[in-house]
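Engineer: Here's a structure for you.
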Number of protein chains: 2
Amino acid sequence: MGTPSTPTVYDVAERAGVSIATVSRVYRNPDSVRATTRDKVLEAARALGYVPSGSARGLASRATGVLGLCFPDYSDPDAETEALAADADDDHAFMLYSDQIIRGMERASRRHGYALLIAASLKGGPESLVAKVAGRVDGFAVMAGTVPTDDLEVISRRLPVVMLAGPRGIDHLDHVEVANADGQRELTRHLIEDHGLRRLAFVSGPPNSPDAEARFHGYAEACRAAGLPVPAEPDVRTVMMTQAEGAQAAEELLARTGTVAGAGTHERPEAMVFANDQMAVGALHTLERSGVRVPQDVAVTGFDGIPLSRLVRPTLTTVRQPMRDMGERAVELLLRRIDATEPGHEEPQSVVLPVTLAYRQSCGCG
Amino acid sequence: MGTPSTPTVYDVAERAGVSIATVSRVYRNPDSVRATTRDKVLEAARALGYVPSGSARGLASRATGVLGLCFPDYSDPDAETEALAADADDDHAFMLYSDQIIRGMERASRRHGYALLIAASLKGGPESLVAKVAGRVDGFAVMAGTVPTDDLEVISRRLPVVMLAGPRGIDHLDHVEVANADGQRELTRHLIEDHGLRRLAFVSGPPNSPDAEARFHGYAEACRAAGLPVPAEPDVRTVMMTQAEGAQAAEELLARTGTVAGAGTHERPEAMVFANDQMAVGALHTLERSGVRVPQDVAVTGFDGIPLSRLVRPTLTTVRQPMRDMGERAVELLLRRIDATEPGHEEPQSVVLPVTLAYRQSCGCG
DNA sequence: CTGAAAGCGCTAACAA
DNA sequence: TTGTTAGCGCTTTCAG
């Protein structure tokens, strides 16, 4: 048992009768070594069970060949317990859009020879999970609201970072987002003009969710354009934008009209417009339980285009985000910075991806 | 411009007036440093924009805090072009089970303080993508058929590796799989006994796909148990188990009975049993085009329980795999090895996860 | 085409 | 509690 438990270039070099530099070359640029020599090295490596250390490589070459992605642990807690799917344990339907972004980034990364390091932000932990990722990649993307701005501030000074689906947050960062306002405006227009609805209600998330805010603005714009009263604030705001909250929001909305309990003061809205699909789905449940028909009695719409939106009944009218593309664009932006030999002070790029509308049953189409 | 572009422990140490060891401690074990000192260090780090190098850390501590996952780039090529979804560009439906496994592993990893490095195997590349991953993680999982056995042979000698959803492949590896045979047997029994079908046909994948083989065995067992002729071989075998091939297989099956073209010699099967959902979905298309009704004229079943199986019409009866769980179990197995201070020669573990049946429209249920 | 030598940035004993 | 001193395994000039 003379050899160390984990073989290194030295072991391989010795066994192959060459120098460590040659071993290194064989792995980095095979063609720069004579075939005979190369084979000797490869054979020795094989015999020894040699696997190049990524850490050592990274240290020496100042590049990891890895890109990172920080995303929210967006698994709707409700989904875990609430048995709304036909098959209770079937949670396929709940795969949210972060999966798509992961896929998109993974593919793009791989095409460019990079691997992808992913990490969801743990809700409770005051964790510096970012640091963990940041230290091991050549650049990374963060989905909005995943990383404390302070940390990003520091990190982005040393490493390319791109913001996803959020506000740029820190203004020297590249970022890719979707046309939130455009999509919501068009969807709202559809409700008003094509379906002739006039009493709409908008359910948003917290004020600090830029996506939700942008959507609300699109909504408000459509109202103005149609000559309807322009709301200054969403009718209801939720905190996490989950299904449970969506269900609650719908109840709240019904309560205000006296349909449920309490003395209603307004007429019931003809349409409930939600800032995301999850809430809309929750609302669908509430409405069904309350005997309010969708879309006959009230239209319901979401935003995102998660898989679940097509599985619920009625199917949910929503605005689809090109999440896969977001991942790909993020990688492109990252590589642009990484490849810039110049420490790079190019202008921060901002990519806005177009959305598409999915008119389905919940608004009276489909 | 005195400081280097990328600050290191030295820079931070100098600015904070301490030694590099102290800086290191602050990041690794904050409590081992006096609060005053710690704050000085943190402040200096912040000012400098210091981010610990994961590579250097990994090199020095011989641990990366990262787990890996190699999965097949299983995006069915057909899916990309074939516009079978209502919304052509909506590929939500095609998310396969690797996404679920990724999710499962990510969650479990994070719970244990690890990040996840993912990499799909590029079809064309004779790439040693494994090496890339292997060198940067403390252990990793590979989905069956993703990595050349030779490479695994070498790598697994130096690093914990767990096989997913496949045969162990290399017999000293841990692995987690699902009860393929059990599921297929029960599903087949259902077809025979509950629906009274007697002429069944099984469409499998290549002989070297252990999952497909196990399923075929389950199928054969059910036939034997029911007193039906026991097939020695599947009626049709495909290569990639894609939708296109499934469609083709269905045609083949119909052709043999003269329903399509050619002189049929057998009677048309009453049930087409596919080794996975993708093929079954492809078959559904063929049958529809051929005017063969499902399930009235012929029952169709799949295996896997991918999201798409619930979206097609008729909905597909299938066997659902607990993919999320697989990811979690994989992580557990990995950590067991990693934490084993003993270089570990414990017996290779083999976890078999139970499957559940989803009786839907394509077999006459639902 | 190959070798020698100097780090890359951090952790880990061991001292103090 | 904090500092000193060696490496960790590989890439990289620079020679030969």
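The chains in the structure tokens are called A, B, ... from first to last as shown; in each chain the residues are counted from 1, and the ligands are counted from 1 in the order shown.
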Which residues of chain A have any atom within 6 Å of an atom in chain B when counting only C-alpha atoms, and what is the closest pair of atoms for each, with the distance in Å to one decimal? Order the rows by chain and rising number and write it as a Markdown table.
Structural biologist:
| residue | atom | partner | partner_atom | distance |
| --- | --- | --- | --- | --- |
| A:Gly49 | CA | B:Val154 | CA | 4.9 |
| A:Pro52 | CA | B:Gly135 | CA | 5.7 |
| A:Ser53 | CA | B:Gly135 | CA | 4.7 |
| A:Gly54 | CA | B:Gly135 | CA | 4.4 |
| A:Ser55 | CA | B:Ser55 | CA | 4.2 |
| A:Ala56 | CA | B:Leu59 | CA | 5.6 |
| A:Gly58 | CA | B:Ser55 | CA | 5.4 |
| A:Leu59 | CA | B:Ser55 | CA | 5.2 |
| A:His92 | CA | B:Pro307 | CA | 5.7 |
| A:Ala115 | CA | B:Ala119 | CA | 5.6 |
| A:Leu116 | CA | B:Ile118 | CA | 5.5 |
| A:Leu117 | CA | B:Leu117 | CA | 4.3 |
| A:Ile118 | CA | B:Leu116 | CA | 5.4 |
| A:Ala119 | CA | B:Ala115 | CA | 5.6 |
| A:Gly135 | CA | B:Gly54 | CA | 4.4 |
| A:Arg136 | CA | B:Gly54 | CA | 4.7 |
| A:Val154 | CA | B:Gly49 | CA | 4.9 |
| A:Pro307 | CA | B:His92 | CA | 5.7 |
Engineer: Could you dump the residues just selected with all heavy atoms as a short mmCIF file (atom, residue, chain, number, x, y, z; two decimals), in the first residue's frame?
Structural biologist:
data_model
loop_
_atom_site.label_atom_id
_atom_site.label_comp_id
_atom_site.auth_asym_id
_atom_site.auth_seq_id
_atom_site.Cartn_x
_atom_site.Cartn_y
_atom_site.Cartn_z
N GLY A 49 -6.50 5.02 -11.16
CA GLY A 49 -7.80 5.54 -10.79
C GLY A 49 -7.69 7.03 -10.55
O GLY A 49 -8.25 7.58 -9.61
N PRO A 52 -8.70 14.09 -12.06
CA PRO A 52 -8.17 15.44 -11.83
C PRO A 52 -9.01 16.17 -10.78
O PRO A 52 -10.23 16.09 -10.80
CB PRO A 52 -8.30 16.11 -13.18
CG PRO A 52 -8.39 15.00 -14.17
CD PRO A 52 -9.09 13.88 -13.45
N SER A 53 -8.36 16.86 -9.91
CA SER A 53 -9.08 17.61 -8.89
C SER A 53 -9.57 18.94 -9.42
O SER A 53 -8.77 19.79 -9.83
CB SER A 53 -8.16 17.86 -7.69
OG SER A 53 -8.58 19.01 -7.00
N GLY A 54 -10.85 19.09 -9.43
CA GLY A 54 -11.42 20.33 -9.93
C GLY A 54 -10.98 21.52 -9.09
O GLY A 54 -10.74 22.60 -9.60
N SER A 55 -10.86 21.29 -7.82
CA SER A 55 -10.46 22.38 -6.94
C SER A 55 -9.06 22.88 -7.29
O SER A 55 -8.83 24.07 -7.43
CB SER A 55 -10.50 21.92 -5.49
OG SER A 55 -11.83 21.66 -5.10
N ALA A 56 -8.16 21.94 -7.41
CA ALA A 56 -6.78 22.32 -7.71
C ALA A 56 -6.72 23.03 -9.06
O ALA A 56 -6.04 24.03 -9.23
CB ALA A 56 -5.91 21.08 -7.75
N GLY A 58 -9.08 24.64 -10.52
CA GLY A 58 -9.69 25.96 -10.39
C GLY A 58 -8.74 26.95 -9.75
O GLY A 58 -8.61 28.08 -10.19
N LEU A 59 -8.08 26.48 -8.74
CA LEU A 59 -7.17 27.36 -8.02
C LEU A 59 -6.06 27.84 -8.95
O LEU A 59 -5.75 29.03 -9.03
CB LEU A 59 -6.54 26.60 -6.86
CG LEU A 59 -6.30 27.34 -5.55
CD1 LEU A 59 -5.10 26.76 -4.86
CD2 LEU A 59 -6.09 28.82 -5.79
N HIS A 92 -46.35 16.21 -9.86
CA HIS A 92 -45.81 16.66 -11.15
C HIS A 92 -46.30 18.05 -11.49
O HIS A 92 -45.58 18.89 -11.97
CB HIS A 92 -46.29 15.75 -12.28
CG HIS A 92 -45.70 14.41 -12.24
ND1 HIS A 92 -44.57 14.11 -12.93
CD2 HIS A 92 -46.04 13.31 -11.58
CE1 HIS A 92 -44.25 12.84 -12.70
NE2 HIS A 92 -45.13 12.34 -11.90
N ALA A 115 -20.65 23.51 -16.60
CA ALA A 115 -21.59 22.72 -15.81
C ALA A 115 -22.39 23.73 -15.01
O ALA A 115 -22.06 24.91 -15.00
CB ALA A 115 -20.84 21.78 -14.87
N LEU A 116 -23.43 23.28 -14.37
CA LEU A 116 -24.30 24.20 -13.63
C LEU A 116 -24.40 23.82 -12.17
O LEU A 116 -24.70 22.67 -11.83
CB LEU A 116 -25.70 24.14 -14.24
CG LEU A 116 -26.56 25.39 -14.38
CD1 LEU A 116 -28.01 25.05 -14.16
CD2 LEU A 116 -26.11 26.54 -13.50
N LEU A 117 -24.16 24.79 -11.31
CA LEU A 117 -24.28 24.56 -9.88
C LEU A 117 -25.55 25.24 -9.41
O LEU A 117 -25.72 26.44 -9.59
CB LEU A 117 -23.07 25.17 -9.16
CG LEU A 117 -23.00 24.95 -7.65
CD1 LEU A 117 -22.88 23.48 -7.34
CD2 LEU A 117 -21.81 25.71 -7.08
N ILE A 118 -26.46 24.48 -8.83
CA ILE A 118 -27.72 25.09 -8.41
C ILE A 118 -27.91 25.04 -6.91
O ILE A 118 -27.45 24.13 -6.23
CB ILE A 118 -28.92 24.41 -9.07
CG1 ILE A 118 -29.03 22.96 -8.63
CG2 ILE A 118 -28.82 24.48 -10.58
CD1 ILE A 118 -30.22 22.23 -9.20
N ALA A 119 -28.60 26.02 -6.41
CA ALA A 119 -28.88 26.07 -4.98
C ALA A 119 -30.11 26.90 -4.74
O ALA A 119 -30.20 28.04 -5.19
CB ALA A 119 -27.69 26.66 -4.24
N GLY A 135 -18.30 31.33 -4.66
CA GLY A 135 -16.90 30.96 -4.63
C GLY A 135 -16.49 29.84 -5.57
O GLY A 135 -15.31 29.61 -5.81
N ARG A 136 -17.49 29.15 -6.10
CA ARG A 136 -17.16 27.99 -6.94
C ARG A 136 -17.53 28.12 -8.40
O ARG A 136 -17.52 27.15 -9.13
CB ARG A 136 -17.84 26.72 -6.44
CG ARG A 136 -18.03 26.59 -4.99
CD ARG A 136 -18.36 25.15 -4.64
NE ARG A 136 -17.50 24.68 -3.58
CZ ARG A 136 -16.26 24.29 -3.72
NH1 ARG A 136 -15.72 24.26 -4.91
NH2 ARG A 136 -15.55 23.91 -2.70
N VAL A 154 -21.56 43.06 -2.91
CA VAL A 154 -20.16 42.67 -2.73
C VAL A 154 -19.70 41.69 -3.80
O VAL A 154 -18.69 41.89 -4.46
CB VAL A 154 -19.96 42.02 -1.34
CG1 VAL A 154 -18.54 41.53 -1.20
CG2 VAL A 154 -20.31 43.01 -0.25
N PRO A 307 -47.19 24.57 -15.44
CA PRO A 307 -47.88 23.38 -15.94
C PRO A 307 -49.26 23.21 -15.32
O PRO A 307 -50.22 22.86 -15.99
CB PRO A 307 -46.95 22.24 -15.53
CG PRO A 307 -45.60 22.87 -15.48
CD PRO A 307 -45.83 24.26 -14.99
#
Engineer: Sorted by chain and rising residue number, which residues of chain C lie within 12 Å of chain B, and what are their closest atom pairs and distances in Å to one decimal, counting only C-alpha atoms (C1' of nucleotides), as JSON lines?
Structural biologist:
{"residue": "C:DC8", "atom": "C1'", "partner": "B:Ala56", "partner_atom": "CA", "distance": 7.8}
{"residue": "C:DG9", "atom": "C1'", "partner": "B:Ala56", "partner_atom": "CA", "distance": 4.9}
{"residue": "C:DC10", "atom": "C1'", "partner": "B:Ala56", "partner_atom": "CA", "distance": 4.9}
{"residue": "C:DT11", "atom": "C1'", "partner": "B:Ala60", "partner_atom": "CA", "distance": 5.1}
{"residue": "C:DA12", "atom": "C1'", "partner": "B:Ser61", "partner_atom": "CA", "distance": 8.2}
{"residue": "C:DA13", "atom": "C1'", "partner": "B:Ala21", "partner_atom": "CA", "distance": 11.8}
Engineer: As an exercise, work out the distance from atom CA of Asp304 of chain B to atom CA of Asp277 of chain B in Å and give it to one decimal place.
Structural biologist: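 The value is 6.0 Å.
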Engineer: Run DSSP on the backbone of this structure and report the residues of segment 111-211 of chain A it assigns to strand (DSSP E or B), as a list in words.
Structural biologist: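 After running DSSP on the backbone, segment 111-211 of chain A has strand (DSSP E or B) at Ala115, Leu116, Leu117, Ile118, Ala119, Ala120, Ser121, Gly139, Phe140, Ala141, Val142, Met143, Val161, Val162, Met163, Leu164, Asp174, His175, Val176, Glu177, Val178, Leu200, Ala201, Phe202, Val203 and Ser204 of chain A.
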Engineer: For the residues selected in the previous step, produce a file with N, CA and C atoms as a PDB file, in the first residue's frame.
Structural biologist:
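What follows is the written file result09.pdb:
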ATOM      1  N   ALA A 115     -20.649  23.510 -16.599  1.00  0.00           N
ATOM      2  CA  ALA A 115     -21.590  22.723 -15.807  1.00  0.00           C
ATOM      3  C   ALA A 115     -22.390  23.733 -15.009  1.00  0.00           C
ATOM      4  N   LEU A 116     -23.427  23.278 -14.366  1.00  0.00           N
ATOM      5  CA  LEU A 116     -24.302  24.197 -13.629  1.00  0.00           C
ATOM      6  C   LEU A 116     -24.397  23.818 -12.167  1.00  0.00           C
ATOM      7  N   LEU A 117     -24.159  24.788 -11.313  1.00  0.00           N
ATOM      8  CA  LEU A 117     -24.277  24.557  -9.880  1.00  0.00           C
ATOM      9  C   LEU A 117     -25.552  25.237  -9.410  1.00  0.00           C
ATOM     10  N   ILE A 118     -26.457  24.477  -8.832  1.00  0.00           N
ATOM     11  CA  ILE A 118     -27.715  25.085  -8.411  1.00  0.00           C
ATOM     12  C   ILE A 118     -27.913  25.038  -6.910  1.00  0.00           C
ATOM     13  N   ALA A 119     -28.598  26.023  -6.409  1.00  0.00           N
ATOM     14  CA  ALA A 119     -28.875  26.065  -4.984  1.00  0.00           C
ATOM     15  C   ALA A 119     -30.109  26.902  -4.736  1.00  0.00           C
ATOM     16  N   ALA A 120     -31.050  26.330  -4.037  1.00  0.00           N
ATOM     17  CA  ALA A 120     -32.262  27.078  -3.714  1.00  0.00           C
ATOM     18  C   ALA A 120     -32.020  27.790  -2.398  1.00  0.00           C
ATOM     19  N   SER A 121     -32.685  28.902  -2.234  1.00  0.00           N
ATOM     20  CA  SER A 121     -32.495  29.627  -0.988  1.00  0.00           C
ATOM     21  C   SER A 121     -33.392  28.997   0.051  1.00  0.00           C
ATOM     22  N   GLY A 139     -19.397  32.638 -12.716  1.00  0.00           N
ATOM     23  CA  GLY A 139     -20.423  33.659 -12.861  1.00  0.00           C
ATOM     24  C   GLY A 139     -21.741  32.991 -12.521  1.00  0.00           C
ATOM     25  N   PHE A 140     -22.738  33.772 -12.103  1.00  0.00           N
ATOM     26  CA  PHE A 140     -23.998  33.103 -11.813  1.00  0.00           C
ATOM     27  C   PHE A 140     -25.217  34.007 -11.943  1.00  0.00           C
ATOM     28  N   ALA A 141     -26.342  33.338 -12.012  1.00  0.00           N
ATOM     29  CA  ALA A 141     -27.605  34.042 -12.152  1.00  0.00           C
ATOM     30  C   ALA A 141     -28.381  33.899 -10.854  1.00  0.00           C
ATOM     31  N   VAL A 142     -29.109  34.912 -10.496  1.00  0.00           N
ATOM     32  CA  VAL A 142     -29.933  34.788  -9.300  1.00  0.00           C
ATOM     33  C   VAL A 142     -31.342  35.201  -9.643  1.00  0.00           C
ATOM     34  N   MET A 143     -32.268  34.410  -9.199  1.00  0.00           N
ATOM     35  CA  MET A 143     -33.656  34.760  -9.436  1.00  0.00           C
ATOM     36  C   MET A 143     -34.043  35.793  -8.390  1.00  0.00           C
ATOM     37  N   VAL A 161     -22.625  38.645 -12.509  1.00  0.00           N
ATOM     38  CA  VAL A 161     -23.895  38.209 -11.926  1.00  0.00           C
ATOM     39  C   VAL A 161     -25.015  38.737 -12.803  1.00  0.00           C
ATOM     40  N   VAL A 162     -25.996  37.902 -13.061  1.00  0.00           N
ATOM     41  CA  VAL A 162     -27.147  38.393 -13.805  1.00  0.00           C
ATOM     42  C   VAL A 162     -28.431  38.129 -13.029  1.00  0.00           C
ATOM     43  N   MET A 163     -29.260  39.137 -13.021  1.00  0.00           N
ATOM     44  CA  MET A 163     -30.525  39.040 -12.305  1.00  0.00           C
ATOM     45  C   MET A 163     -31.575  38.429 -13.222  1.00  0.00           C
ATOM     46  N   LEU A 164     -32.374  37.548 -12.672  1.00  0.00           N
ATOM     47  CA  LEU A 164     -33.403  36.913 -13.477  1.00  0.00           C
ATOM     48  C   LEU A 164     -34.792  37.305 -13.012  1.00  0.00           C
ATOM     49  N   ASP A 174     -26.285  42.944 -15.164  1.00  0.00           N
ATOM     50  CA  ASP A 174     -27.057  42.611 -16.361  1.00  0.00           C
ATOM     51  C   ASP A 174     -28.335  42.004 -15.829  1.00  0.00           C
ATOM     52  N   HIS A 175     -29.367  42.032 -16.599  1.00  0.00           N
ATOM     53  CA  HIS A 175     -30.520  41.261 -16.161  1.00  0.00           C
ATOM     54  C   HIS A 175     -31.466  40.954 -17.310  1.00  0.00           C
ATOM     55  N   VAL A 176     -32.202  39.885 -17.108  1.00  0.00           N
ATOM     56  CA  VAL A 176     -33.142  39.471 -18.125  1.00  0.00           C
ATOM     57  C   VAL A 176     -34.487  39.325 -17.436  1.00  0.00           C
ATOM     58  N   GLU A 177     -35.464  39.927 -18.047  1.00  0.00           N
ATOM     59  CA  GLU A 177     -36.800  39.872 -17.464  1.00  0.00           C
ATOM     60  C   GLU A 177     -37.826  39.673 -18.567  1.00  0.00           C
ATOM     61  N   VAL A 178     -39.071  39.523 -18.184  1.00  0.00           N
ATOM     62  CA  VAL A 178     -40.096  39.353 -19.193  1.00  0.00           C
ATOM     63  C   VAL A 178     -40.966  40.601 -19.214  1.00  0.00           C
ATOM     64  N   LEU A 200     -63.427  44.680 -12.513  1.00  0.00           N
ATOM     65  CA  LEU A 200     -62.302  43.765 -12.326  1.00  0.00           C
ATOM     66  C   LEU A 200     -61.666  43.972 -10.951  1.00  0.00           C
ATOM     67  N   ALA A 201     -61.014  42.948 -10.485  1.00  0.00           N
ATOM     68  CA  ALA A 201     -60.288  43.070  -9.210  1.00  0.00           C
ATOM     69  C   ALA A 201     -58.910  42.465  -9.420  1.00  0.00           C
ATOM     70  N   PHE A 202     -57.906  43.137  -8.901  1.00  0.00           N
ATOM     71  CA  PHE A 202     -56.538  42.643  -9.069  1.00  0.00           C
ATOM     72  C   PHE A 202     -55.951  42.192  -7.736  1.00  0.00           C
ATOM     73  N   VAL A 203     -55.412  40.984  -7.740  1.00  0.00           N
ATOM     74  CA  VAL A 203     -54.779  40.461  -6.524  1.00  0.00           C
ATOM     75  C   VAL A 203     -53.284  40.377  -6.763  1.00  0.00           C
ATOM     76  N   SER A 204     -52.553  41.129  -5.981  1.00  0.00           N
ATOM     77  CA  SER A 204     -51.113  41.198  -6.184  1.00  0.00           C
ATOM     78  C   SER A 204     -50.338  40.578  -5.025  1.00  0.00           C
TER      79      SER A 204
END
Engineer: What residues in chain D have any atom no more than 12 Å from chain B when counting only C-alpha atoms (C1' of nucleotides), and can you write them as a PyMOL selection string?
Structural biologist: chain D and resi 1-10
Engineer: Given only C-alpha atoms as the basis, pick out the residue of A:Ala247, A:Leu254, A:Ile338, A:Leu42 nearest to Leu284 of chain A.
Structural biologist: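 Smallest separation from Leu284 of chain A among the options: A:Ala247.
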